[in-house]
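As stored in start-v9.cif (mmCIF, N, CA and C atoms):
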data_coords
#
loop_
_atom_site.label_atom_id
_atom_site.label_comp_id
_atom_site.auth_asym_id
_atom_site.auth_seq_id
_atom_site.Cartn_x
_atom_site.Cartn_y
_atom_site.Cartn_z
N MET T 1 6.16 3.97 33.83
CA MET T 1 6.37 2.54 33.70
C MET T 1 7.50 2.10 34.63
N ARG T 2 7.33 0.95 35.20
CA ARG T 2 8.40 0.39 36.03
C ARG T 2 9.35 -0.41 35.18
N ASN T 3 10.59 -0.54 35.65
CA ASN T 3 11.62 -1.25 34.89
C ASN T 3 11.31 -2.72 34.66
N THR T 4 10.46 -3.30 35.48
CA THR T 4 10.16 -4.73 35.33
C THR T 4 8.93 -4.97 34.47
N GLN T 5 8.25 -3.94 34.08
CA GLN T 5 7.02 -4.08 33.31
C GLN T 5 7.28 -4.57 31.89
N ARG T 6 6.44 -5.50 31.46
CA ARG T 6 6.48 -5.93 30.06
C ARG T 6 5.84 -4.83 29.22
N LEU T 7 6.49 -4.47 28.17
CA LEU T 7 5.97 -3.44 27.28
C LEU T 7 5.03 -4.06 26.24
N THR T 8 4.07 -3.29 25.82
CA THR T 8 3.23 -3.69 24.69
C THR T 8 3.81 -2.99 23.46
N ILE T 9 4.09 -3.78 22.44
CA ILE T 9 4.81 -3.27 21.27
C ILE T 9 4.10 -3.70 19.99
N LEU T 10 3.90 -2.75 19.10
CA LEU T 10 3.41 -3.03 17.76
C LEU T 10 4.58 -2.84 16.81
N TYR T 11 4.89 -3.88 16.03
CA TYR T 11 5.99 -3.83 15.06
C TYR T 11 5.42 -4.00 13.66
N PHE T 12 5.58 -2.97 12.83
CA PHE T 12 5.01 -2.91 11.47
C PHE T 12 6.17 -2.97 10.47
N ASP T 13 6.20 -4.06 9.68
CA ASP T 13 7.27 -4.25 8.70
C ASP T 13 6.73 -5.17 7.62
N ASP T 14 7.09 -4.92 6.37
CA ASP T 14 6.60 -5.77 5.29
C ASP T 14 7.52 -6.96 5.02
N GLU T 15 8.60 -7.09 5.77
CA GLU T 15 9.53 -8.21 5.58
C GLU T 15 9.21 -9.32 6.59
N PRO T 16 8.68 -10.46 6.11
CA PRO T 16 8.30 -11.54 7.02
C PRO T 16 9.46 -12.01 7.92
N ALA T 17 10.67 -12.04 7.39
CA ALA T 17 11.80 -12.49 8.19
C ALA T 17 12.04 -11.56 9.38
N CYS T 18 11.90 -10.26 9.16
CA CYS T 18 12.08 -9.29 10.26
C CYS T 18 11.00 -9.48 11.32
N LEU T 19 9.77 -9.69 10.90
CA LEU T 19 8.68 -9.91 11.84
C LEU T 19 8.91 -11.17 12.66
N SER T 20 9.36 -12.21 12.00
CA SER T 20 9.62 -13.48 12.67
C SER T 20 10.75 -13.35 13.70
N VAL T 21 11.84 -12.72 13.30
CA VAL T 21 12.98 -12.55 14.21
C VAL T 21 12.57 -11.68 15.39
N PHE T 22 11.81 -10.64 15.14
CA PHE T 22 11.35 -9.78 16.23
C PHE T 22 10.53 -10.59 17.24
N SER T 23 9.58 -11.36 16.74
CA SER T 23 8.73 -12.17 17.63
C SER T 23 9.56 -13.17 18.43
N GLU T 24 10.43 -13.87 17.76
CA GLU T 24 11.26 -14.87 18.44
C GLU T 24 12.18 -14.24 19.48
N THR T 25 12.71 -13.07 19.18
CA THR T 25 13.67 -12.42 20.06
C THR T 25 13.03 -11.84 21.31
N PHE T 26 11.83 -11.26 21.18
CA PHE T 26 11.27 -10.50 22.29
C PHE T 26 10.02 -11.10 22.92
N ALA T 27 9.53 -12.23 22.44
CA ALA T 27 8.28 -12.80 22.96
C ALA T 27 8.33 -13.08 24.46
N ALA T 28 9.45 -13.52 24.97
CA ALA T 28 9.54 -13.84 26.40
C ALA T 28 9.61 -12.59 27.27
N GLU T 29 10.01 -11.47 26.67
CA GLU T 29 10.22 -10.25 27.45
C GLU T 29 9.05 -9.26 27.38
N HIS T 30 8.36 -9.23 26.25
CA HIS T 30 7.34 -8.19 26.02
C HIS T 30 6.14 -8.77 25.30
N GLU T 31 5.04 -7.99 25.34
CA GLU T 31 3.82 -8.35 24.62
C GLU T 31 3.90 -7.71 23.24
N GLY T 32 4.41 -8.46 22.28
CA GLY T 32 4.59 -7.92 20.95
C GLY T 32 3.53 -8.38 19.98
N ARG T 33 3.16 -7.49 19.07
CA ARG T 33 2.26 -7.84 17.98
C ARG T 33 2.93 -7.38 16.70
N THR T 34 3.01 -8.26 15.72
CA THR T 34 3.63 -7.92 14.44
C THR T 34 2.56 -7.85 13.36
N VAL T 35 2.73 -6.88 12.47
CA VAL T 35 1.80 -6.69 11.35
C VAL T 35 2.59 -6.36 10.10
N ALA T 36 2.04 -6.76 8.95
CA ALA T 36 2.76 -6.59 7.69
C ALA T 36 2.07 -5.62 6.73
N THR T 37 0.83 -5.22 7.02
CA THR T 37 0.12 -4.31 6.12
C THR T 37 -0.42 -3.13 6.90
N LEU T 38 -0.71 -2.06 6.19
CA LEU T 38 -1.27 -0.87 6.81
C LEU T 38 -2.62 -1.17 7.45
N GLY T 39 -3.43 -1.96 6.78
CA GLY T 39 -4.73 -2.34 7.34
C GLY T 39 -4.59 -3.08 8.66
N GLU T 40 -3.66 -4.03 8.71
CA GLU T 40 -3.42 -4.77 9.97
C GLU T 40 -2.94 -3.82 11.07
N ALA T 41 -2.07 -2.89 10.70
CA ALA T 41 -1.54 -1.94 11.69
C ALA T 41 -2.65 -1.06 12.24
N ARG T 42 -3.50 -0.56 11.37
CA ARG T 42 -4.60 0.29 11.82
C ARG T 42 -5.59 -0.50 12.68
N ARG T 43 -5.87 -1.75 12.32
CA ARG T 43 -6.76 -2.58 13.14
C ARG T 43 -6.16 -2.81 14.53
N ALA T 44 -4.88 -3.12 14.56
CA ALA T 44 -4.21 -3.35 15.85
C ALA T 44 -4.31 -2.11 16.74
N LEU T 45 -4.11 -0.93 16.15
CA LEU T 45 -4.19 0.31 16.92
C LEU T 45 -5.62 0.63 17.34
N ALA T 46 -6.60 0.22 16.55
CA ALA T 46 -8.00 0.44 16.92
C ALA T 46 -8.42 -0.48 18.07
N GLU T 47 -7.78 -1.64 18.15
CA GLU T 47 -8.15 -2.64 19.17
C GLU T 47 -7.36 -2.50 20.46
N ASN T 48 -6.16 -1.91 20.41
CA ASN T 48 -5.27 -1.89 21.56
C ASN T 48 -4.51 -0.58 21.63
N SER T 49 -3.96 -0.32 22.81
CA SER T 49 -2.99 0.75 22.92
C SER T 49 -1.63 0.08 23.13
N PHE T 50 -0.57 0.72 22.68
CA PHE T 50 0.77 0.15 22.74
C PHE T 50 1.71 1.14 23.40
N ASP T 51 2.64 0.61 24.19
CA ASP T 51 3.68 1.46 24.77
C ASP T 51 4.61 1.97 23.67
N LEU T 52 4.92 1.09 22.72
CA LEU T 52 5.81 1.43 21.60
C LEU T 52 5.18 1.01 20.29
N VAL T 53 5.38 1.83 19.27
CA VAL T 53 5.00 1.49 17.91
C VAL T 53 6.26 1.64 17.07
N ILE T 54 6.66 0.55 16.45
CA ILE T 54 7.87 0.50 15.63
C ILE T 54 7.45 0.29 14.18
N SER T 55 8.02 1.08 13.29
CA SER T 55 7.69 0.93 11.87
C SER T 55 8.95 1.02 11.02
N ASP T 56 8.99 0.17 10.01
CA ASP T 56 10.01 0.29 8.98
C ASP T 56 9.67 1.53 8.14
N GLN T 57 10.67 2.22 7.63
CA GLN T 57 10.43 3.41 6.82
C GLN T 57 9.95 3.07 5.42
N VAL T 58 10.58 2.11 4.78
CA VAL T 58 10.28 1.79 3.38
C VAL T 58 9.24 0.68 3.34
N MET T 59 7.99 1.09 3.08
CA MET T 59 6.86 0.17 3.06
C MET T 59 6.09 0.36 1.76
N PRO T 60 5.39 -0.67 1.28
CA PRO T 60 4.68 -0.54 0.00
C PRO T 60 3.48 0.40 0.03
N GLU T 61 2.76 0.49 1.15
CA GLU T 61 1.52 1.27 1.18
C GLU T 61 1.69 2.69 1.72
N VAL T 62 2.66 2.87 2.62
CA VAL T 62 2.85 4.16 3.28
C VAL T 62 4.27 4.19 3.84
N SER T 63 4.86 5.36 3.89
CA SER T 63 6.18 5.43 4.51
C SER T 63 6.04 5.26 6.02
N GLY T 64 7.08 4.76 6.63
CA GLY T 64 7.05 4.62 8.07
C GLY T 64 6.85 5.95 8.77
N ALA T 65 7.48 7.00 8.26
CA ALA T 65 7.32 8.33 8.86
C ALA T 65 5.87 8.80 8.78
N ALA T 66 5.22 8.58 7.65
CA ALA T 66 3.81 8.97 7.51
C ALA T 66 2.93 8.16 8.46
N PHE T 67 3.20 6.87 8.56
CA PHE T 67 2.44 6.03 9.48
C PHE T 67 2.62 6.51 10.92
N LEU T 68 3.85 6.80 11.32
CA LEU T 68 4.11 7.24 12.69
C LEU T 68 3.51 8.63 12.94
N ARG T 69 3.40 9.45 11.91
CA ARG T 69 2.71 10.73 12.05
C ARG T 69 1.24 10.48 12.41
N GLU T 70 0.64 9.50 11.76
CA GLU T 70 -0.74 9.11 12.05
C GLU T 70 -0.85 8.60 13.49
N VAL T 71 0.09 7.77 13.89
CA VAL T 71 0.09 7.22 15.25
C VAL T 71 0.24 8.36 16.27
N ALA T 72 1.07 9.35 15.97
CA ALA T 72 1.26 10.48 16.89
C ALA T 72 -0.07 11.21 17.13
N ARG T 73 -0.90 11.29 16.10
CA ARG T 73 -2.21 11.95 16.25
C ARG T 73 -3.19 11.09 17.02
N THR T 74 -3.23 9.79 16.72
CA THR T 74 -4.26 8.92 17.29
C THR T 74 -3.85 8.28 18.61
N HIS T 75 -2.55 8.09 18.82
CA HIS T 75 -2.02 7.44 20.03
C HIS T 75 -0.79 8.20 20.53
N PRO T 76 -0.97 9.44 20.95
CA PRO T 76 0.19 10.26 21.32
C PRO T 76 1.02 9.70 22.48
N GLN T 77 0.42 8.83 23.29
CA GLN T 77 1.15 8.25 24.42
C GLN T 77 2.15 7.18 23.99
N SER T 78 2.03 6.66 22.78
CA SER T 78 2.92 5.60 22.31
C SER T 78 4.26 6.19 21.89
N LEU T 79 5.33 5.58 22.33
CA LEU T 79 6.67 5.96 21.88
C LEU T 79 6.83 5.43 20.46
N ARG T 80 7.26 6.29 19.54
CA ARG T 80 7.33 5.92 18.13
C ARG T 80 8.78 5.77 17.68
N VAL T 81 9.04 4.62 17.02
CA VAL T 81 10.40 4.25 16.61
C VAL T 81 10.39 3.97 15.11
N LEU T 82 11.33 4.58 14.40
CA LEU T 82 11.44 4.39 12.96
C LEU T 82 12.68 3.55 12.65
N LEU T 83 12.48 2.50 11.86
CA LEU T 83 13.58 1.64 11.42
C LEU T 83 13.81 1.88 9.94
N THR T 84 15.05 1.93 9.53
CA THR T 84 15.30 2.00 8.10
C THR T 84 16.72 1.60 7.75
N GLY T 85 16.84 0.99 6.61
CA GLY T 85 18.14 0.64 6.07
C GLY T 85 18.39 1.36 4.77
N GLY T 86 17.35 1.98 4.20
CA GLY T 86 17.49 2.56 2.88
C GLY T 86 17.35 4.05 2.80
N VAL T 87 17.16 4.71 3.91
CA VAL T 87 16.95 6.16 3.91
C VAL T 87 17.93 6.78 4.87
N SER T 88 18.50 7.90 4.49
CA SER T 88 19.41 8.59 5.39
C SER T 88 18.62 9.26 6.50
N VAL T 89 19.29 9.52 7.60
CA VAL T 89 18.66 10.21 8.72
C VAL T 89 18.14 11.57 8.25
N GLY T 90 18.85 12.21 7.33
CA GLY T 90 18.43 13.51 6.83
C GLY T 90 17.03 13.50 6.23
N ALA T 91 16.64 12.39 5.65
CA ALA T 91 15.32 12.30 5.02
C ALA T 91 14.19 12.29 6.03
N VAL T 92 14.48 11.98 7.29
CA VAL T 92 13.43 11.91 8.31
C VAL T 92 13.68 12.88 9.46
N LEU T 93 14.61 13.80 9.29
CA LEU T 93 14.92 14.75 10.37
C LEU T 93 13.71 15.58 10.78
N GLY T 94 12.84 15.92 9.84
CA GLY T 94 11.64 16.69 10.17
C GLY T 94 10.77 15.98 11.18
N GLU T 95 10.54 14.69 10.97
CA GLU T 95 9.71 13.92 11.89
C GLU T 95 10.39 13.78 13.26
N ILE T 96 11.71 13.65 13.25
CA ILE T 96 12.44 13.56 14.52
C ILE T 96 12.34 14.91 15.24
N GLY T 97 12.56 15.99 14.51
CA GLY T 97 12.50 17.32 15.10
C GLY T 97 11.12 17.70 15.59
N ASP T 98 10.09 17.23 14.90
CA ASP T 98 8.71 17.53 15.29
C ASP T 98 8.22 16.65 16.43
N GLY T 99 9.01 15.67 16.84
CA GLY T 99 8.59 14.78 17.91
C GLY T 99 7.74 13.62 17.46
N VAL T 100 7.51 13.49 16.16
CA VAL T 100 6.74 12.35 15.66
C VAL T 100 7.52 11.06 15.90
N VAL T 101 8.80 11.08 15.55
CA VAL T 101 9.67 9.93 15.75
C VAL T 101 10.54 10.21 16.97
N LYS T 102 10.48 9.33 17.95
CA LYS T 102 11.27 9.52 19.17
C LYS T 102 12.63 8.85 19.07
N HIS T 103 12.70 7.77 18.30
CA HIS T 103 13.96 7.05 18.13
C HIS T 103 14.09 6.60 16.68
N PHE T 104 15.30 6.65 16.18
CA PHE T 104 15.63 6.21 14.83
C PHE T 104 16.63 5.06 14.99
N VAL T 105 16.31 3.90 14.42
CA VAL T 105 17.16 2.72 14.53
C VAL T 105 17.47 2.22 13.13
N PRO T 106 18.76 2.12 12.78
CA PRO T 106 19.10 1.61 11.44
C PRO T 106 18.84 0.11 11.32
N LYS T 107 18.49 -0.30 10.11
CA LYS T 107 18.34 -1.72 9.80
C LYS T 107 19.61 -2.18 9.11
N PRO T 108 20.03 -3.38 9.33
CA PRO T 108 19.38 -4.35 10.22
C PRO T 108 19.58 -3.95 11.68
N TRP T 109 18.49 -4.04 12.45
CA TRP T 109 18.56 -3.70 13.86
C TRP T 109 19.17 -4.85 14.64
N SER T 110 19.70 -4.53 15.78
CA SER T 110 20.20 -5.57 16.68
C SER T 110 19.29 -5.62 17.90
N ALA T 111 19.21 -6.77 18.51
CA ALA T 111 18.39 -6.93 19.72
C ALA T 111 18.89 -5.99 20.81
N ALA T 112 20.20 -5.82 20.91
CA ALA T 112 20.76 -4.94 21.95
C ALA T 112 20.31 -3.50 21.74
N THR T 113 20.30 -3.03 20.50
CA THR T 113 19.87 -1.66 20.21
C THR T 113 18.40 -1.49 20.56
N LEU T 114 17.55 -2.43 20.16
CA LEU T 114 16.13 -2.31 20.47
C LEU T 114 15.89 -2.41 21.97
N ARG T 115 16.65 -3.23 22.67
CA ARG T 115 16.50 -3.31 24.13
C ARG T 115 16.82 -1.97 24.79
N GLN T 116 17.80 -1.25 24.26
CA GLN T 116 18.11 0.08 24.79
C GLN T 116 16.92 1.03 24.59
N VAL T 117 16.29 0.97 23.43
CA VAL T 117 15.10 1.78 23.17
C VAL T 117 13.99 1.39 24.14
N PHE T 118 13.81 0.10 24.37
CA PHE T 118 12.77 -0.37 25.28
C PHE T 118 13.03 0.13 26.70
N GLU T 119 14.28 0.13 27.11
CA GLU T 119 14.62 0.63 28.44
C GLU T 119 14.28 2.11 28.56
N ARG T 120 14.56 2.89 27.54
CA ARG T 120 14.23 4.32 27.56
C ARG T 120 12.72 4.51 27.64
N ALA T 121 11.96 3.61 27.03
CA ALA T 121 10.50 3.72 27.06
C ALA T 121 9.96 3.50 28.46
N ARG T 122 10.68 2.80 29.27
CA ARG T 122 10.23 2.53 30.64
C ARG T 122 10.44 3.71 31.57
N LEU T 123 11.26 4.66 31.19
CA LEU T 123 11.57 5.80 32.07
C LEU T 123 10.43 6.79 32.17
#

Just give me the structure as structure tokens.
Amino acid sequence: MRNTQRLTILYFDDEPACLSVFSETFAAEHEGRTVATLGEARRALAENSFDLVISDQVMPEVSGAAFLREVARTHPQSLRVLLTGGVSVGAVLGEIGDGVVKHFVPKPWSAATLRQVFERARL
């Protein structure tokens, strides 16, 4: 990927405010799609490929780590990012060590932190 390329990003979170802030913050820079349910996330992945897939860890239908494990199998080219405010890094170290999760970002996330992850995805 070139440094000037717009990234395609899937952001999966059950918090409407987080989805809204993500869209407002990055819409001018990247092609983002936000989803709030596992069904929507799976449909989005069936219809498109994404440079990055971002998931919150604490979700009602599936953990973010389990979802990203699924993404690693079906879309191994996608960089996978786990967001969480309620789980320690120790709880997801296995997924990080196995390469399922490429980046771990604490919630609440900052735009600057996510931009750093996006820059790494371009390399």

Name every residue that the PyMOL selection byres ((chain T and resi 54-65) around 5) selects in this structure, writing the answer as an mmCIF file with N, CA and C atoms, in the frame of the given file with chains first and numbers rising.
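Saved result, result23.cif, follows:
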data_model
loop_
_atom_site.group_PDB
_atom_site.id
_atom_site.type_symbol
_atom_site.label_atom_id
_atom_site.label_comp_id
_atom_site.auth_asym_id
_atom_site.auth_seq_id
_atom_site.Cartn_x
_atom_site.Cartn_y
_atom_site.Cartn_z
ATOM 1 N N LEU T 10 3.900 -2.750 19.100
ATOM 2 C CA LEU T 10 3.410 -3.030 17.760
ATOM 3 C C LEU T 10 4.580 -2.840 16.810
ATOM 4 N N TYR T 11 4.890 -3.880 16.030
ATOM 5 C CA TYR T 11 5.990 -3.830 15.060
ATOM 6 C C TYR T 11 5.420 -4.000 13.660
ATOM 7 N N PHE T 12 5.580 -2.970 12.830
ATOM 8 C CA PHE T 12 5.010 -2.910 11.470
ATOM 9 C C PHE T 12 6.170 -2.970 10.470
ATOM 10 N N ASP T 13 6.200 -4.060 9.680
ATOM 11 C CA ASP T 13 7.270 -4.250 8.700
ATOM 12 C C ASP T 13 6.730 -5.170 7.620
ATOM 13 N N LEU T 52 4.920 1.090 22.720
ATOM 14 C CA LEU T 52 5.810 1.430 21.600
ATOM 15 C C LEU T 52 5.180 1.010 20.290
ATOM 16 N N VAL T 53 5.380 1.830 19.270
ATOM 17 C CA VAL T 53 5.000 1.490 17.910
ATOM 18 C C VAL T 53 6.260 1.640 17.070
ATOM 19 N N ALA T 66 5.220 8.580 7.650
ATOM 20 C CA ALA T 66 3.810 8.970 7.510
ATOM 21 C C ALA T 66 2.930 8.160 8.460
ATOM 22 N N PHE T 67 3.200 6.870 8.560
ATOM 23 C CA PHE T 67 2.440 6.030 9.480
ATOM 24 C C PHE T 67 2.620 6.510 10.920
ATOM 25 N N LEU T 68 3.850 6.800 11.320
ATOM 26 C CA LEU T 68 4.110 7.240 12.690
ATOM 27 C C LEU T 68 3.510 8.630 12.940
ATOM 28 N N ARG T 69 3.400 9.450 11.910
ATOM 29 C CA ARG T 69 2.710 10.730 12.050
ATOM 30 C C ARG T 69 1.240 10.480 12.410
ATOM 31 N N VAL T 81 9.040 4.620 17.020
ATOM 32 C CA VAL T 81 10.400 4.250 16.610
ATOM 33 C C VAL T 81 10.390 3.970 15.110
ATOM 34 N N LEU T 82 11.330 4.580 14.400
ATOM 35 C CA LEU T 82 11.440 4.390 12.960
ATOM 36 C C LEU T 82 12.680 3.550 12.650
ATOM 37 N N LEU T 83 12.480 2.500 11.860
ATOM 38 C CA LEU T 83 13.580 1.640 11.420
ATOM 39 C C LEU T 83 13.810 1.880 9.940
ATOM 40 N N THR T 84 15.050 1.930 9.530
ATOM 41 C CA THR T 84 15.300 2.000 8.100
ATOM 42 C C THR T 84 16.720 1.600 7.750
#

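When only C-alpha atoms are used to measure the gap to T:Leu19, the shortest distance among T:His75, T:Arg33, T:Arg6, T:Lys107 belongs to T:Arg33.
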
#### Entry: Picked residues, the PyMOL selection byres ((chain T and resi 102) around 6.5), expected as number ranges by chain
T: 79-82, 95-96, 99-101, 103-104

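In this structure, atom N of T:Ala27 sits 16.6 Å away from atom CA of T:Ala121.
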
Where in chain T does DSSP assign helix (DSSP H, G or I), given as a tab-separated table (two decimals) with N, CA and C atoms, in the frame of the given file?
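Generated file (result.tsv):
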chain	number	residue	atom	x	y	z
T	16	PRO	N	8.68	-10.46	6.11
T	16	PRO	CA	8.30	-11.54	7.02
T	16	PRO	C	9.46	-12.01	7.92
T	17	ALA	N	10.67	-12.04	7.39
T	17	ALA	CA	11.80	-12.49	8.19
T	17	ALA	C	12.04	-11.56	9.38
T	18	CYS	N	11.90	-10.26	9.16
T	18	CYS	CA	12.08	-9.29	10.26
T	18	CYS	C	11.00	-9.48	11.32
T	19	LEU	N	9.77	-9.69	10.90
T	19	LEU	CA	8.68	-9.91	11.84
T	19	LEU	C	8.91	-11.17	12.66
T	20	SER	N	9.36	-12.21	12.00
T	20	SER	CA	9.62	-13.48	12.67
T	20	SER	C	10.75	-13.35	13.70
T	21	VAL	N	11.84	-12.72	13.30
T	21	VAL	CA	12.98	-12.55	14.21
T	21	VAL	C	12.57	-11.68	15.39
T	22	PHE	N	11.81	-10.64	15.14
T	22	PHE	CA	11.35	-9.78	16.23
T	22	PHE	C	10.53	-10.59	17.24
T	23	SER	N	9.58	-11.36	16.74
T	23	SER	CA	8.73	-12.17	17.63
T	23	SER	C	9.56	-13.17	18.43
T	24	GLU	N	10.43	-13.87	17.76
T	24	GLU	CA	11.26	-14.87	18.44
T	24	GLU	C	12.18	-14.24	19.48
T	25	THR	N	12.71	-13.07	19.18
T	25	THR	CA	13.67	-12.42	20.06
T	25	THR	C	13.03	-11.84	21.31
T	26	PHE	N	11.83	-11.26	21.18
T	26	PHE	CA	11.27	-10.50	22.29
T	26	PHE	C	10.02	-11.10	22.92
T	38	LEU	N	-0.71	-2.06	6.19
T	38	LEU	CA	-1.27	-0.87	6.81
T	38	LEU	C	-2.62	-1.17	7.45
T	39	GLY	N	-3.43	-1.96	6.78
T	39	GLY	CA	-4.73	-2.34	7.34
T	39	GLY	C	-4.59	-3.08	8.66
T	40	GLU	N	-3.66	-4.03	8.71
T	40	GLU	CA	-3.42	-4.77	9.97
T	40	GLU	C	-2.94	-3.82	11.07
T	41	ALA	N	-2.07	-2.89	10.70
T	41	ALA	CA	-1.54	-1.94	11.69
T	41	ALA	C	-2.65	-1.06	12.24
T	42	ARG	N	-3.50	-0.56	11.37
T	42	ARG	CA	-4.60	0.29	11.82
T	42	ARG	C	-5.59	-0.50	12.68
T	43	ARG	N	-5.87	-1.75	12.32
T	43	ARG	CA	-6.76	-2.58	13.14
T	43	ARG	C	-6.16	-2.81	14.53
T	44	ALA	N	-4.88	-3.12	14.56
T	44	ALA	CA	-4.21	-3.35	15.85
T	44	ALA	C	-4.31	-2.11	16.74
T	45	LEU	N	-4.11	-0.93	16.15
T	45	LEU	CA	-4.19	0.31	16.92
T	45	LEU	C	-5.62	0.63	17.34
T	46	ALA	N	-6.60	0.22	16.55
T	46	ALA	CA	-8.00	0.44	16.92
T	46	ALA	C	-8.42	-0.48	18.07
T	47	GLU	N	-7.78	-1.64	18.15
T	47	GLU	CA	-8.15	-2.64	19.17
T	47	GLU	C	-7.36	-2.50	20.46
T	64	GLY	N	7.08	4.76	6.63
T	64	GLY	CA	7.05	4.62	8.07
T	64	GLY	C	6.85	5.95	8.77
T	65	ALA	N	7.48	7.00	8.26
T	65	ALA	CA	7.32	8.33	8.86
T	65	ALA	C	5.87	8.80	8.78
T	66	ALA	N	5.22	8.58	7.65
T	66	ALA	CA	3.81	8.97	7.51
T	66	ALA	C	2.93	8.16	8.46
T	67	PHE	N	3.20	6.87	8.56
T	67	PHE	CA	2.44	6.03	9.48
T	67	PHE	C	2.62	6.51	10.92
T	68	LEU	N	3.85	6.80	11.32
T	68	LEU	CA	4.11	7.24	12.69
T	68	LEU	C	3.51	8.63	12.94
T	69	ARG	N	3.40	9.45	11.91
T	69	ARG	CA	2.71	10.73	12.05
T	69	ARG	C	1.24	10.48	12.41
T	70	GLU	N	0.64	9.50	11.76
T	70	GLU	CA	-0.74	9.11	12.05
T	70	GLU	C	-0.85	8.60	13.49
T	71	VAL	N	0.09	7.77	13.89
T	71	VAL	CA	0.09	7.22	15.25
T	71	VAL	C	0.24	8.36	16.27
T	72	ALA	N	1.07	9.35	15.97
T	72	ALA	CA	1.26	10.48	16.89
T	72	ALA	C	-0.07	11.21	17.13
T	73	ARG	N	-0.90	11.29	16.10
T	73	ARG	CA	-2.21	11.95	16.25
T	73	ARG	C	-3.19	11.09	17.02
T	74	THR	N	-3.23	9.79	16.72
T	74	THR	CA	-4.26	8.92	17.29
T	74	THR	C	-3.85	8.28	18.61
T	89	VAL	N	19.29	9.52	7.60
T	89	VAL	CA	18.66	10.21	8.72
T	89	VAL	C	18.14	11.57	8.25
T	90	GLY	N	18.85	12.21	7.33
T	90	GLY	CA	18.43	13.51	6.83
T	90	GLY	C	17.03	13.50	6.23
T	91	ALA	N	16.64	12.39	5.65
T	91	ALA	CA	15.32	12.30	5.02
T	91	ALA	C	14.19	12.29	6.03
T	92	VAL	N	14.48	11.98	7.29
T	92	VAL	CA	13.43	11.91	8.31
T	92	VAL	C	13.68	12.88	9.46
T	93	LEU	N	14.61	13.80	9.29
T	93	LEU	CA	14.92	14.75	10.37
T	93	LEU	C	13.71	15.58	10.78
T	94	GLY	N	12.84	15.92	9.84
T	94	GLY	CA	11.64	16.69	10.17
T	94	GLY	C	10.77	15.98	11.18
T	95	GLU	N	10.54	14.69	10.97
T	95	GLU	CA	9.71	13.92	11.89
T	95	GLU	C	10.39	13.78	13.26
T	96	ILE	N	11.71	13.65	13.25
T	96	ILE	CA	12.44	13.56	14.52
T	96	ILE	C	12.34	14.91	15.24
T	97	GLY	N	12.56	15.99	14.51
T	97	GLY	CA	12.50	17.32	15.10
T	97	GLY	C	11.12	17.70	15.59
T	111	ALA	N	19.21	-6.77	18.51
T	111	ALA	CA	18.39	-6.93	19.72
T	111	ALA	C	18.89	-5.99	20.81
T	112	ALA	N	20.20	-5.82	20.91
T	112	ALA	CA	20.76	-4.94	21.95
T	112	ALA	C	20.31	-3.50	21.74
T	113	THR	N	20.30	-3.03	20.50
T	113	THR	CA	19.87	-1.66	20.21
T	113	THR	C	18.40	-1.49	20.56
T	114	LEU	N	17.55	-2.43	20.16
T	114	LEU	CA	16.13	-2.31	20.47
T	114	LEU	C	15.89	-2.41	21.97
T	115	ARG	N	16.65	-3.23	22.67
T	115	ARG	CA	16.50	-3.31	24.13
T	115	ARG	C	16.82	-1.97	24.79
T	116	GLN	N	17.80	-1.25	24.26
T	116	GLN	CA	18.11	0.08	24.79
T	116	GLN	C	16.92	1.03	24.59
T	117	VAL	N	16.29	0.97	23.43
T	117	VAL	CA	15.10	1.78	23.17
T	117	VAL	C	13.99	1.39	24.14
T	118	PHE	N	13.81	0.10	24.37
T	118	PHE	CA	12.77	-0.37	25.28
T	118	PHE	C	13.03	0.13	26.70
T	119	GLU	N	14.28	0.13	27.11
T	119	GLU	CA	14.62	0.63	28.44
T	119	GLU	C	14.28	2.11	28.56
T	120	ARG	N	14.56	2.89	27.54
T	120	ARG	CA	14.23	4.32	27.56
T	120	ARG	C	12.72	4.51	27.64
T	121	ALA	N	11.96	3.61	27.03
T	121	ALA	CA	10.50	3.72	27.06
T	121	ALA	C	9.96	3.50	28.46
T	122	ARG	N	10.68	2.80	29.27
T	122	ARG	CA	10.23	2.53	30.64
T	122	ARG	C	10.44	3.71	31.57

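For the set T:Leu7, T:Val105, T:Ala41, T:Ala111, the residue with the smallest atom-to-atom gap to T:Glu29 is T:Leu7, counting all atoms listed in the file.
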
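The spacing separating atom N of T:Pro106 from atom N of T:Glu15 amounts to 15.4 Å.
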
### Task
Grab the atom C of T:Val21 to atom N of T:Glu47 distance for me, in Å with one decimal place.
22.9 Å

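Every residue of stretch 24-56 of chain T found in strand (DSSP E or B) when DSSP is run on the backbone appears here: Glu31, Gly32, Arg33, Thr34, Val35, Leu52, Val53, Ile54, Ser55 and Asp56 of chain T.
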
### Summary
Among T:Thr34, T:Arg42, T:Arg120, T:Asp51, T:Ser78 is approached most closely, using only N, CA and C atoms, by T:Asp51

### Query
Could you name the residues that touch T:Gln5 at 8 Å or less, counting all atoms listed in the file, but leaving out those on the same chain fewer than 4 positions away, as an NGL selection string?
:T and (1 or 29-31 or 122)

As lines of an AutoDock Vina configuration file, what would the box around stretch 42-61 of chain T look like: edges along x, y and z, 4 Å added on every side, centre and edge lengths in Å to one decimal?
center_x = 1.1
center_y = 0.0
center_z = 12.4
size_x = 27.1
size_y = 14.8
size_z = 32.8
